[in-house]
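Q: For reference, this is entry-v9.pdb, and it has PDB, C-alpha atoms.
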ATOM      1  CA  MET A   1    -218.988 -49.032 144.863
ATOM      2  CA  ALA A   2    -217.243 -51.827 146.604
ATOM      3  CA  ALA A   3    -214.423 -50.768 148.838
ATOM      4  CA  PRO A   4    -211.192 -52.639 148.219
ATOM      5  CA  LYS A   5    -210.907 -55.588 150.486
ATOM      6  CA  GLN A   6    -208.474 -55.041 153.268
ATOM      7  CA  TYR A   7    -206.061 -57.707 154.287
ATOM      8  CA  TYR A   8    -204.288 -57.688 157.572
ATOM      9  CA  ARG A   9    -201.190 -59.721 157.366
ATOM     10  CA  ARG A  10    -199.313 -60.015 160.583
ATOM     11  CA  LYS A  11    -195.713 -59.026 160.161
ATOM     12  CA  LYS A  12    -193.431 -62.024 160.516
ATOM     13  CA  VAL A  13    -190.555 -61.675 162.898
ATOM     14  CA  CYS A  14    -187.392 -63.636 163.228
ATOM     15  CA  LYS A  15    -187.677 -66.110 166.085
ATOM     16  CA  PHE A  16    -183.979 -65.950 166.865
ATOM     17  CA  CYS A  17    -183.920 -62.157 167.049
ATOM     18  CA  VAL A  18    -186.991 -61.924 169.214
ATOM     19  CA  GLU A  19    -186.005 -64.630 171.648
ATOM     20  CA  ARG A  20    -182.354 -63.572 171.623
ATOM     21  CA  ILE A  21    -181.058 -66.965 170.651
ATOM     22  CA  ASP A  22    -177.470 -66.200 169.748
ATOM     23  CA  SER A  23    -175.988 -69.529 168.913
ATOM     24  CA  ILE A  24    -177.816 -71.920 166.664
ATOM     25  CA  ASN A  25    -176.248 -75.232 167.527
ATOM     26  CA  TYR A  26    -176.484 -78.381 165.460
ATOM     27  CA  LYS A  27    -177.071 -80.478 168.581
ATOM     28  CA  ASP A  28    -180.259 -78.669 169.506
ATOM     29  CA  VAL A  29    -182.621 -80.958 167.641
ATOM     30  CA  LYS A  30    -185.709 -79.591 169.303
ATOM     31  CA  LEU A  31    -185.002 -76.101 168.054
ATOM     32  CA  LEU A  32    -183.920 -77.133 164.575
ATOM     33  CA  SER A  33    -186.830 -79.461 163.992
ATOM     34  CA  GLN A  34    -189.160 -76.469 164.133
ATOM     35  CA  PHE A  35    -187.625 -75.425 160.825
ATOM     36  CA  VAL A  36    -187.779 -78.738 159.033
ATOM     37  CA  PRO A  37    -191.342 -79.609 158.092
ATOM     38  CA  GLU A  38    -192.559 -83.157 157.431
ATOM     39  CA  ARG A  39    -190.730 -83.641 154.200
ATOM     40  CA  ALA A  40    -187.509 -82.766 156.049
ATOM     41  CA  LYS A  41    -186.680 -79.874 153.773
ATOM     42  CA  ILE A  42    -185.362 -76.650 155.256
ATOM     43  CA  MET A  43    -188.156 -74.159 155.694
ATOM     44  CA  PRO A  44    -187.737 -71.116 153.427
ATOM     45  CA  ARG A  45    -187.325 -67.683 154.907
ATOM     46  CA  ARG A  46    -190.432 -66.349 153.274
ATOM     47  CA  ILE A  47    -192.481 -68.766 155.336
ATOM     48  CA  SER A  48    -190.658 -68.822 158.656
ATOM     49  CA  GLY A  49    -189.753 -65.129 158.652
ATOM     50  CA  VAL A  50    -186.232 -65.740 159.922
ATOM     51  CA  CYS A  51    -183.824 -62.920 159.124
ATOM     52  CA  SER A  52    -181.030 -63.642 156.689
ATOM     53  CA  PRO A  53    -178.044 -63.824 159.096
ATOM     54  CA  HIS A  54    -179.934 -66.249 161.252
ATOM     55  CA  GLN A  55    -181.211 -68.248 158.311
ATOM     56  CA  ARG A  56    -177.622 -68.711 157.228
ATOM     57  CA  GLN A  57    -176.638 -70.014 160.652
ATOM     58  CA  LEU A  58    -179.722 -72.180 160.744
ATOM     59  CA  ASN A  59    -178.865 -73.698 157.370
ATOM     60  CA  ASP A  60    -175.391 -74.641 158.536
ATOM     61  CA  ALA A  61    -176.709 -76.111 161.752
ATOM     62  CA  ILE A  62    -179.350 -78.206 160.014
ATOM     63  CA  LYS A  63    -176.838 -79.532 157.509
ATOM     64  CA  LYS A  64    -174.448 -80.510 160.282
ATOM     65  CA  ALA A  65    -177.244 -82.208 162.178
ATOM     66  CA  ARG A  66    -178.178 -84.154 159.054
ATOM     67  CA  ASN A  67    -174.637 -85.328 158.649
ATOM     68  CA  ILE A  68    -174.612 -86.956 162.072
ATOM     69  CA  ALA A  69    -178.115 -88.432 161.735
ATOM     70  CA  LEU A  70    -179.826 -86.134 164.203
ATOM     71  CA  LEU A  71    -182.100 -84.901 161.457
ATOM     72  CA  PRO A  72    -183.222 -86.738 158.335
ATOM     73  CA  PHE A  73    -182.229 -85.799 154.800
ATOM     74  CA  THR A  74    -185.571 -86.982 153.550
ATOM     75  CA  SER A  75    -188.521 -88.580 155.158
ATOM     76  CA  GLU A  76    -191.394 -90.666 153.934
TER
ATOM     77  CA  MET B   1    -154.715 -74.451 169.440
ATOM     78  CA  ARG B   2    -158.344 -74.403 168.568
ATOM     79  CA  ASN B   3    -161.552 -75.668 170.003
ATOM     80  CA  TYR B   4    -163.240 -78.532 168.294
ATOM     81  CA  GLU B   5    -166.102 -80.861 168.910
ATOM     82  CA  ILE B   6    -166.023 -84.417 167.694
ATOM     83  CA  MET B   7    -169.267 -86.308 167.685
ATOM     84  CA  PHE B   8    -169.430 -89.936 166.696
ATOM     85  CA  ILE B   9    -171.870 -92.792 166.652
ATOM     86  CA  VAL B  10    -170.971 -96.289 167.809
ATOM     87  CA  ASN B  11    -172.758 -99.385 166.611
ATOM     88  CA  PRO B  12    -175.706-100.124 168.927
ATOM     89  CA  ASN B  13    -174.906-103.836 169.067
ATOM     90  CA  SER B  14    -171.501-103.321 170.596
ATOM     91  CA  PRO B  15    -171.353-103.484 174.399
ATOM     92  CA  GLU B  16    -171.122-100.424 176.611
ATOM     93  CA  ASP B  17    -167.444-100.919 177.489
ATOM     94  CA  GLU B  18    -166.608-100.863 173.779
ATOM     95  CA  VAL B  19    -167.731 -97.243 173.800
ATOM     96  CA  ASP B  20    -165.549 -96.506 176.821
ATOM     97  CA  LYS B  21    -162.624 -98.151 175.109
ATOM     98  CA  ILE B  22    -162.945 -95.952 172.046
ATOM     99  CA  ASN B  23    -163.319 -92.911 174.276
ATOM    100  CA  SER B  24    -160.137 -93.616 176.178
ATOM    101  CA  GLN B  25    -158.291 -94.286 172.921
ATOM    102  CA  ILE B  26    -159.300 -90.927 171.514
ATOM    103  CA  GLU B  27    -158.498 -89.229 174.781
ATOM    104  CA  GLY B  28    -155.071 -90.843 174.676
ATOM    105  CA  ILE B  29    -154.400 -89.491 171.187
ATOM    106  CA  ILE B  30    -155.393 -85.991 172.204
ATOM    107  CA  THR B  31    -153.388 -85.812 175.419
ATOM    108  CA  ALA B  32    -150.363 -87.476 173.791
ATOM    109  CA  GLY B  33    -150.314 -84.767 171.127
ATOM    110  CA  GLY B  34    -150.443 -81.973 173.695
ATOM    111  CA  GLY B  35    -154.146 -81.201 173.401
ATOM    112  CA  LYS B  36    -156.686 -80.953 176.150
ATOM    113  CA  VAL B  37    -159.925 -82.845 176.526
ATOM    114  CA  GLU B  38    -162.520 -80.571 178.003
ATOM    115  CA  LYS B  39    -165.488 -82.853 178.073
ATOM    116  CA  ILE B  40    -166.523 -86.344 177.123
ATOM    117  CA  GLU B  41    -170.220 -86.758 177.091
ATOM    118  CA  LYS B  42    -171.950 -90.022 176.397
ATOM    119  CA  MET B  43    -175.304 -89.030 175.053
ATOM    120  CA  GLY B  44    -176.609 -92.554 175.283
ATOM    121  CA  LYS B  45    -178.522 -94.631 172.808
ATOM    122  CA  ARG B  46    -180.524 -92.568 170.371
ATOM    123  CA  LYS B  47    -182.569 -93.272 167.324
ATOM    124  CA  LEU B  48    -180.915 -92.296 164.072
ATOM    125  CA  ALA B  49    -182.799 -90.039 161.702
ATOM    126  CA  TYR B  50    -181.913 -92.364 158.852
ATOM    127  CA  GLU B  51    -180.432 -95.793 158.446
ATOM    128  CA  ILE B  52    -176.645 -96.125 158.484
ATOM    129  CA  ASP B  53    -175.278 -99.555 157.558
ATOM    130  CA  ARG B  54    -178.556-101.185 158.496
ATOM    131  CA  ASN B  55    -178.511 -99.580 161.950
ATOM    132  CA  ARG B  56    -181.496 -97.680 163.202
ATOM    133  CA  GLU B  57    -179.987 -96.514 166.479
ATOM    134  CA  GLY B  58    -176.580 -95.796 167.896
ATOM    135  CA  HIS B  59    -174.569 -94.722 170.909
ATOM    136  CA  TYR B  60    -173.779 -91.034 170.556
ATOM    137  CA  VAL B  61    -170.607 -89.618 172.059
ATOM    138  CA  LEU B  62    -169.540 -85.985 172.129
ATOM    139  CA  ILE B  63    -165.960 -84.928 172.814
ATOM    140  CA  VAL B  64    -165.094 -81.276 173.325
ATOM    141  CA  LEU B  65    -161.410 -80.606 172.930
ATOM    142  CA  ASN B  66    -158.757 -77.986 172.545
ATOM    143  CA  ALA B  67    -155.998 -79.067 170.207
ATOM    144  CA  ASN B  68    -154.107 -78.576 166.976
ATOM    145  CA  GLY B  69    -155.389 -79.584 163.582
ATOM    146  CA  ASP B  70    -152.922 -82.463 163.340
ATOM    147  CA  ILE B  71    -154.357 -84.089 166.430
ATOM    148  CA  VAL B  72    -157.857 -83.740 165.109
ATOM    149  CA  ARG B  73    -156.790 -85.308 161.831
ATOM    150  CA  GLU B  74    -155.284 -88.223 163.747
ATOM    151  CA  CYS B  75    -158.498 -88.658 165.746
ATOM    152  CA  GLU B  76    -160.525 -88.716 162.566
ATOM    153  CA  ARG B  77    -158.215 -91.270 161.025
ATOM    154  CA  ARG B  78    -158.550 -93.441 164.118
ATOM    155  CA  LEU B  79    -162.321 -93.161 164.119
ATOM    156  CA  ARG B  80    -162.413 -94.115 160.466
ATOM    157  CA  VAL B  81    -160.479 -97.317 160.988
ATOM    158  CA  THR B  82    -162.131 -98.279 164.266
ATOM    159  CA  GLU B  83    -164.780-100.865 163.771
ATOM    160  CA  GLY B  84    -167.993-100.053 165.524
ATOM    161  CA  VAL B  85    -167.854 -96.347 164.758
ATOM    162  CA  ILE B  86    -170.467 -95.848 162.107
ATOM    163  CA  LYS B  87    -170.328 -92.092 161.675
ATOM    164  CA  TYR B  88    -168.398 -89.112 162.975
ATOM    165  CA  ILE B  89    -168.333 -85.359 162.520
ATOM    166  CA  THR B  90    -165.837 -82.713 163.618
ATOM    167  CA  VAL B  91    -166.905 -79.138 164.137
ATOM    168  CA  ARG B  92    -164.675 -76.196 164.870
ATOM    169  CA  THR B  93    -166.271 -74.118 167.576
ATOM    170  CA  ASP B  94    -163.959 -71.222 168.397
ATOM    171  CA  GLU B  95    -165.371 -68.914 165.747
ATOM    172  CA  GLU B  96    -168.865 -69.619 166.903
ATOM    173  CA  VAL B  97    -167.915 -68.881 170.499
ATOM    174  CA  ARG B  98    -166.199 -65.648 169.524
ATOM    175  CA  ARG B  99    -169.242 -64.453 167.654
ATOM    176  CA  PHE B 100    -171.385 -65.309 170.633
ATOM    177  CA  GLU B 101    -169.156 -63.308 172.974
ATOM    178  CA  LYS B 102    -169.132 -60.355 170.634
ATOM    179  CA  MET B 103    -172.882 -60.350 170.448
ATOM    180  CA  LYS B 104    -173.152 -60.476 174.204
ATOM    181  CA  SER B 105    -170.790 -57.584 174.845
ATOM    182  CA  PHE B 106    -172.465 -55.554 172.134
ATOM    183  CA  ARG B 107    -175.804 -56.040 173.751
ATOM    184  CA  GLN B 108    -174.482 -55.117 177.189
ATOM    185  CA  LYS B 109    -172.864 -51.950 175.882
ATOM    186  CA  ARG B 110    -176.024 -50.994 174.131
ATOM    187  CA  ALA B 111    -178.085 -51.564 177.240
ATOM    188  CA  ALA B 112    -175.674 -49.486 179.295
ATOM    189  CA  ARG B 113    -175.744 -46.633 176.791
ATOM    190  CA  ARG B 114    -179.487 -46.612 176.693
ATOM    191  CA  GLY B 115    -179.756 -46.744 180.447
ATOM    192  CA  SER B 116    -177.521 -43.689 180.986
ATOM    193  CA  SER B 117    -178.472 -41.269 178.198
ATOM    194  CA  HIS B 118    -182.237 -41.461 178.040
ATOM    195  CA  SER B 119    -184.273 -43.485 180.417
ATOM    196  CA  ARG B 120    -187.370 -43.890 178.259
ATOM    197  CA  GLY B 121    -185.795 -46.545 176.049
ATOM    198  CA  THR B 122    -186.410 -49.934 177.559
ATOM    199  CA  ALA B 123    -185.055 -53.235 176.421
ATOM    200  CA  VAL B 124    -188.319 -54.092 174.735
ATOM    201  CA  GLU B 125    -188.048 -51.194 172.314
ATOM    202  CA  GLU B 126    -184.766 -52.335 170.835
ATOM    203  CA  LEU B 127    -184.637 -53.396 167.245
ATOM    204  CA  PRO B 128    -183.330 -56.927 167.484
ATOM    205  CA  GLU B 129    -182.786 -57.417 163.745
ATOM    206  CA  GLN B 130    -180.474 -54.484 163.636
ATOM    207  CA  ILE B 131    -178.374 -55.880 166.445
ATOM    208  CA  ALA B 132    -177.956 -59.143 164.638
ATOM    209  CA  ASP B 133    -176.881 -57.435 161.428
ATOM    210  CA  GLU B 134    -174.361 -55.192 163.038
ATOM    211  CA  ALA B 135    -172.773 -57.876 165.130
ATOM    212  CA  MET B 136    -172.072 -60.145 162.187
TER
END
Take the structure from the file and write it as structure tokens.

A:
Amino acid sequence: MAAPKQYYRRKKVCKFCVERIDSINYKDVKLLSQFVPERAKIMPRRISGVCSPHQRQLNDAIKKARNIALLPFTSE
Amino acid sequence: MRNYEIMFIVNPNSPEDEVDKINSQIEGIITAGGGKVEKIEKMGKRKLAYEIDRNREGHYVLIVLNANGDIVRECERRLRVTEGVIKYITVRTDEEVRRFEKMKSFRQKRAARRGSSHSRGTAVEELPEQIADEAM
């Protein structure tokens, strides 16, 4: 009788909630680039664990940053 | 009167005083229309994330201002016709600032309430997600 395998998945938490980052600004390239992987797409919530209000702000900020060439639309 | 930020990129091949010239022009438009320039920040030469008109870098300038929409429209028009400006963006910031303030006061109130009623609750035990949701 094999016992069912147990998985321990660490609960993801929203970076912005935990670190109390209130304003997600489009000029903060260092912060934003953590959420755009190599291909320059916006990282989905299911992977980054960002909560939905913050993901919304993050989306806006990334799109603004792309517009002014701080972040790429595509890369490669 | 609202708060805006205008960020624009000047062609990297143009000399430094060209940038200053554009800055003073924009500043002139704003003050002439009754607005206020709060900050002009030259962010220097930066690499662009993608190519714009064959340019790989550019002089970034950020202007923070307090003005009416008409003035901002005029600034944008001027930037569009000015040679050397390869890209610009205008962002309205007052809503963002207001949300930030609200969040801050909410957090302070919460901390005060917790501190007075029951002392066992420390800041670490707060549920940050909940705060974010409620403050929206």

Q: With all atoms listed in the file considered, list every residue of chain A at most 9 Å from chain B, as a PDB file with C-alpha atoms, keeping the file's coordinate frame.

A:
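Ended up saving to part_6.pdb:
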ATOM      1  CA  VAL A  13    -190.555 -61.675 162.898  1.00  0.00           C
ATOM      2  CA  CYS A  14    -187.392 -63.636 163.228  1.00  0.00           C
ATOM      3  CA  CYS A  17    -183.920 -62.157 167.049  1.00  0.00           C
ATOM      4  CA  VAL A  18    -186.991 -61.924 169.214  1.00  0.00           C
ATOM      5  CA  ARG A  20    -182.354 -63.572 171.623  1.00  0.00           C
ATOM      6  CA  ASP A  22    -177.470 -66.200 169.748  1.00  0.00           C
ATOM      7  CA  SER A  23    -175.988 -69.529 168.913  1.00  0.00           C
ATOM      8  CA  CYS A  51    -183.824 -62.920 159.124  1.00  0.00           C
ATOM      9  CA  SER A  52    -181.030 -63.642 156.689  1.00  0.00           C
ATOM     10  CA  PRO A  53    -178.044 -63.824 159.096  1.00  0.00           C
ATOM     11  CA  HIS A  54    -179.934 -66.249 161.252  1.00  0.00           C
ATOM     12  CA  LYS A  64    -174.448 -80.510 160.282  1.00  0.00           C
ATOM     13  CA  ARG A  66    -178.178 -84.154 159.054  1.00  0.00           C
ATOM     14  CA  ASN A  67    -174.637 -85.328 158.649  1.00  0.00           C
ATOM     15  CA  ILE A  68    -174.612 -86.956 162.072  1.00  0.00           C
ATOM     16  CA  ALA A  69    -178.115 -88.432 161.735  1.00  0.00           C
ATOM     17  CA  LEU A  70    -179.826 -86.134 164.203  1.00  0.00           C
ATOM     18  CA  LEU A  71    -182.100 -84.901 161.457  1.00  0.00           C
ATOM     19  CA  PRO A  72    -183.222 -86.738 158.335  1.00  0.00           C
ATOM     20  CA  PHE A  73    -182.229 -85.799 154.800  1.00  0.00           C
ATOM     21  CA  THR A  74    -185.571 -86.982 153.550  1.00  0.00           C
ATOM     22  CA  SER A  75    -188.521 -88.580 155.158  1.00  0.00           C
TER      23      SER A  75
END

Q: Quote the spacing between atom CA of Met43 of chain A and atom CA of Ile24 of chain A in Å to one decimal place.

A: 15.2 Å

Q: Can you work out which one of B:Asn66, B:Asn11, B:Asn23, B:Gln108 has the shortest atom-to-atom distance to Arg92 of chain B, counting only C-alpha atoms?

A: B:Asn66

Q: In Å, how far is it from atom CA of Asp94 of chain B to atom CA of Asn3 of chain B?

A: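 Computing it gives 5.3 Å between the two atoms.
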
Q: Work out how far atom CA of Pro44 of chain A is from atom CA of Thr93 of chain B, in Å to one decimal.

A: 25.9 Å

Q: Could you spell out the hits of the PyMOL selection byres ((chain B and resi 64) around 9) on the shown file, as a ChimeraX atom specification?

A: /B:3-7,36-41,62-63,65-66

Q: With a distance cut-off of 12 Å and only C-alpha atoms, select the neighbouring residues of Asn68 of chain B, excluding the residue or stretch itself and same-chain residues fewer than 4 positions from it, and output the selection as a ChimeraX atom specification.

A: /B:1-4,29-37,72-75,92
